[in-house]
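J.: I'd like to ask some things about the structure below.
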Amino acid sequence: MTFGCQMNRLDSETVAGRLLEDGCREASSLAEADIVVINTCSVRQHAEDKVWSLLGALRRRKERRPEMIIAVVGCMAQKEGRRILERMPHVDVVCGPQELARLPELVAEARERRERLVATGHSAACLPRVVARRPNKFQAFVAIMRGCDNFCSYCIVPYVRGRERSRPPGEIEDEVRRLVADGCKEVTLLGQNVNSYGRTLGDGTTLASLLRRLDRIEGLERIRFVTSHPKDATDELFEAMGELPSVCHHLHMPAQSGSNRVLRDMNRRYSREHYLERLSRLRELVPDVEVASDFIVGFPGETEAEFEETVELVREAEFLNCFIFKYSPRPGTRAARMPDDVPWEVKRERNRRLLAVQEEVMRRRQAAMVGKEVEVLVEGPSKRDKTKLTGRTRQNHIVAFPGEASLVGRTVQVRIIDSTPLTLFGEVVGEVAR
């Protein structure tokens, strides 16, 4: 069970692959499972609340099957540590994200010795990935770095995932080549701030140079990357996006606020003006690019006028989509020492208003796509309508259309005939030859 970000999803995939290689098999249901691994998130309180609730629900199941092993891993495990064992005595293993390489042995030790174990250190070891053990044959996440050095005042990530560490480019290339040899067509490069990739290597390696290296891999059709910090978004990166055939024209670049005062208190280290300048330069160098963003409403001290600055930024920037969150204090961060002085009702109302503004932007921009033809990598059946398939364009538009299951994993040309703020609808007009 996985909560949180794409890095957590990759960590879960890697752990599951290693356990399967060690002789386990995937359980068909929770009731059948002998080992339950819960990969947690601490970015927002709501994510932690869901984990506490799930662990509480597992108590009776553990009482009926005491031989079952329950492991709590990830950011919340690092943050809470032994407190999880104190609050949930039926949990067997607590393992932070920097100790995941030890998880298989911790699970084995807990089963054999019936001991409750905690591992929340700062190991540099990585759990080797089993390339063939992944949920999707033609798409894959690839971690290019771990940790974060930015210390945004609201964010717990540097405290639970540690300082920034970039993987050597040769190691990444080798992993991607093995994925492509196993049928992968699209990789998404992951890091808390991929734009600073290479900084800890000290040899001049950058994200742009890594993209140029990976672009040469025959059979790799698409490269995506997340997440990009605006202060490190360079012309070198934008030029690589525009020039390299495999690099998708989509950038997730969180703004977080449109107010310079709030951005300073968030320790984001850029201004509203810098963000808009970078956005303008990106669109100059990659004209068909689509950009997604994140925003936090109700940050300590945020006034109505400062919130309106965020609204105006969303209108001006015209994002493909936005992830909008109500601020919640994370113990241990600098912002947690600030007065949480925006009432919950105000946070909720600002969240609703900003979502409405973004929805209107998306509705208009999506409608402008009707009549165009787009290239779509088919991902599988639509979750809402099993009679349709769904996939994404290089710009990350979600597209739904009628089609045979045999198209899954293939790239098709689709003519757009209708739209909603979140989804384009179309009909296949042909398959894209490679």
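Chain labels A, B, ... are given in the sequence in which chains occur in the structure tokens; within each chain residues are numbered consecutively from 1, and ligands are likewise numbered from 1 in the order shown.
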Could you go through segment 248-400 of chain A and tell me which residues DSSP, when run on the backbone, assigns to alpha helix (DSSP H), listing them as a PyMOL selection string?
T.: chain A and resi 260-265+272-285+304-317+344-367
J.: Residues at most 9 Å from Thr14 of chain A, counting only C-alpha atoms, excluding those fewer than 6 positions away in the same chain, as a list in words?
T.: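 The residues that qualify are Leu127, Pro128, Arg129, Val130, Val131, Arg133 and Arg134 of chain A.
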J.: Fewer than 6 positions away in the same chain doesn't count, so skip those; otherwise give me all residues within 12 Å of Arg394 of chain A, counting only C-alpha atoms, as a list of chain:residue names.
T.: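 Non-adjacent residues within range: A:Glu186, A:Glu221, A:Arg222, A:Ile223, A:Arg224, A:Met241, A:Pro245, A:Ser246, A:Val247, A:Cys248, A:His249, A:His250, A:Leu251, A:Asp288, A:Val289, A:Glu290, A:Val291, A:Val374, A:Glu375, A:Val376, A:Leu377, A:Val378, A:Thr411, A:Val412, A:Gln413.
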J.: Store the residues picked out above, limited to N, CA and C atoms, as a JSON list (two decimals), in the first residue's frame.
T.:
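Output (selection37.json):
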[["chain", "number", "residue", "atom", "x", "y", "z"],
["A", 186, "GLU", "N", 8.83, 4.60, -22.13],
["A", 186, "GLU", "CA", 8.82, 5.92, -21.50],
["A", 186, "GLU", "C", 9.36, 5.83, -20.09],
["A", 221, "GLU", "N", 11.34, 6.08, -26.35],
["A", 221, "GLU", "CA", 10.51, 7.04, -27.08],
["A", 221, "GLU", "C", 10.27, 8.33, -26.31],
["A", 222, "ARG", "N", 10.12, 8.23, -24.99],
["A", 222, "ARG", "CA", 9.75, 9.42, -24.22],
["A", 222, "ARG", "C", 10.54, 9.49, -22.91],
["A", 223, "ILE", "N", 10.95, 10.72, -22.57],
["A", 223, "ILE", "CA", 11.57, 11.00, -21.28],
["A", 223, "ILE", "C", 10.80, 12.13, -20.61],
["A", 224, "ARG", "N", 10.36, 11.88, -19.39],
["A", 224, "ARG", "CA", 9.76, 12.93, -18.56],
["A", 224, "ARG", "C", 10.63, 13.12, -17.32],
["A", 241, "MET", "N", 15.16, 20.50, -23.71],
["A", 241, "MET", "CA", 13.78, 20.09, -23.91],
["A", 241, "MET", "C", 13.32, 20.36, -25.34],
["A", 245, "PRO", "N", 14.53, 14.85, -29.30],
["A", 245, "PRO", "CA", 13.28, 14.25, -29.76],
["A", 245, "PRO", "C", 12.53, 13.45, -28.70],
["A", 246, "SER", "N", 13.24, 12.83, -27.76],
["A", 246, "SER", "CA", 12.57, 11.96, -26.80],
["A", 246, "SER", "C", 12.04, 12.70, -25.57],
["A", 247, "VAL", "N", 12.49, 13.93, -25.35],
["A", 247, "VAL", "CA", 12.11, 14.65, -24.13],
["A", 247, "VAL", "C", 10.72, 15.28, -24.31],
["A", 248, "CYS", "N", 9.81, 14.93, -23.42],
["A", 248, "CYS", "CA", 8.43, 15.42, -23.53],
["A", 248, "CYS", "C", 8.36, 16.91, -23.20],
["A", 249, "HIS", "N", 7.42, 17.57, -23.85],
["A", 249, "HIS", "CA", 7.25, 19.01, -23.67],
["A", 249, "HIS", "C", 6.24, 19.27, -22.56],
["A", 250, "HIS", "N", 6.64, 18.90, -21.37],
["A", 250, "HIS", "CA", 5.80, 19.09, -20.18],
["A", 250, "HIS", "C", 6.72, 19.33, -19.00],
["A", 251, "LEU", "N", 6.42, 20.37, -18.22],
["A", 251, "LEU", "CA", 7.25, 20.71, -17.07],
["A", 251, "LEU", "C", 6.37, 20.92, -15.84],
["A", 288, "ASP", "N", 5.33, 24.65, -27.73],
["A", 288, "ASP", "CA", 4.14, 23.83, -27.46],
["A", 288, "ASP", "C", 4.16, 23.20, -26.07],
["A", 289, "VAL", "N", 5.03, 23.70, -25.19],
["A", 289, "VAL", "CA", 5.16, 23.12, -23.85],
["A", 289, "VAL", "C", 3.90, 23.36, -23.03],
["A", 290, "GLU", "N", 3.59, 22.42, -22.14],
["A", 290, "GLU", "CA", 2.54, 22.61, -21.14],
["A", 290, "GLU", "C", 3.20, 22.56, -19.76],
["A", 291, "VAL", "N", 2.70, 23.37, -18.85],
["A", 291, "VAL", "CA", 3.30, 23.51, -17.52],
["A", 291, "VAL", "C", 2.26, 23.22, -16.46],
["A", 374, "VAL", "N", -3.28, 14.60, -32.08],
["A", 374, "VAL", "CA", -2.22, 14.50, -31.08],
["A", 374, "VAL", "C", -1.67, 13.08, -31.04],
["A", 375, "GLU", "N", -0.42, 12.97, -30.59],
["A", 375, "GLU", "CA", 0.22, 11.67, -30.46],
["A", 375, "GLU", "C", 0.04, 11.17, -29.02],
["A", 376, "VAL", "N", -0.51, 9.97, -28.86],
["A", 376, "VAL", "CA", -0.87, 9.45, -27.55],
["A", 376, "VAL", "C", -0.20, 8.10, -27.31],
["A", 377, "LEU", "N", 0.49, 7.96, -26.18],
["A", 377, "LEU", "CA", 0.97, 6.65, -25.73],
["A", 377, "LEU", "C", -0.16, 6.02, -24.92],
["A", 378, "VAL", "N", -0.68, 4.90, -25.39],
["A", 378, "VAL", "CA", -1.86, 4.28, -24.78],
["A", 378, "VAL", "C", -1.46, 3.57, -23.49],
["A", 411, "THR", "N", 1.78, 3.64, -29.56],
["A", 411, "THR", "CA", 1.61, 5.07, -29.76],
["A", 411, "THR", "C", 0.71, 5.30, -30.96],
["A", 412, "VAL", "N", -0.37, 6.06, -30.75],
["A", 412, "VAL", "CA", -1.37, 6.27, -31.80],
["A", 412, "VAL", "C", -1.60, 7.76, -32.01],
["A", 413, "GLN", "N", -2.12, 8.06, -33.20],
["A", 413, "GLN", "CA", -2.53, 9.42, -33.53],
["A", 413, "GLN", "C", -4.02, 9.53, -33.28]]
J.: Determine, using only C-alpha atoms, which residues of segment 38-112 of chain A have any atom at most 9 Å from an atom of segment 7-10 of chain A, and tabulate each with its shortest atom pair and distance in Å to one decimal place, rows ordered by chain and then rising number, as a tab-separated table.
T.:
residue	atom	partner	partner_atom	distance
A:Asn39	CA	A:Asn8	CA	6.8
A:Thr40	CA	A:Asn8	CA	7.7
A:Cys41	CA	A:Asn8	CA	7.9
A:Gly74	CA	A:Asn8	CA	7.3
A:Cys75	CA	A:Asn8	CA	8.9
A:Pro97	CA	A:Asn8	CA	8.8
J.: Kindly give the distance, in Å, that separates atom CA of His122 of chain A and atom CA of Glu99 of chain A, rounded to a single decimal.
T.: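 Going from atom CA of His122 of chain A over to atom CA of Glu99 of chain A covers 6.7 Å.
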J.: Between atom CA of Ala367 of chain A and atom CA of Ser419 of chain A, what is the distance in Å, rounded to a tenth?
T.: 5.7 Å
J.: Write out as a ChimeraX atom specification each polymer residue whose atoms come within 10 Å of Ala101 of chain A, counting only C-alpha atoms; drop sequence neighbours fewer than 5 positions from it.
T.: /A:14-15,18,95,106,123-128
J.: Identify which of the residues A:Asp174, A:Glu309, A:Asp11, A:Asp294 lies closest to Cys322 of chain A, counting only C-alpha atoms when measuring atom-to-atom distances.
T.: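 Comparing A:Asp174, A:Glu309, A:Asp11, A:Asp294 against Cys322 of chain A, the winner is A:Asp294.
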J.: Find the residue from A:Arg59, A:Lys50, A:Lys383, A:Arg82 that sits nearest to Gly4 of chain A; use only C-alpha atoms when measuring.
T.: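 Of the candidates, the smallest distance to Gly4 of chain A is held by A:Lys50.
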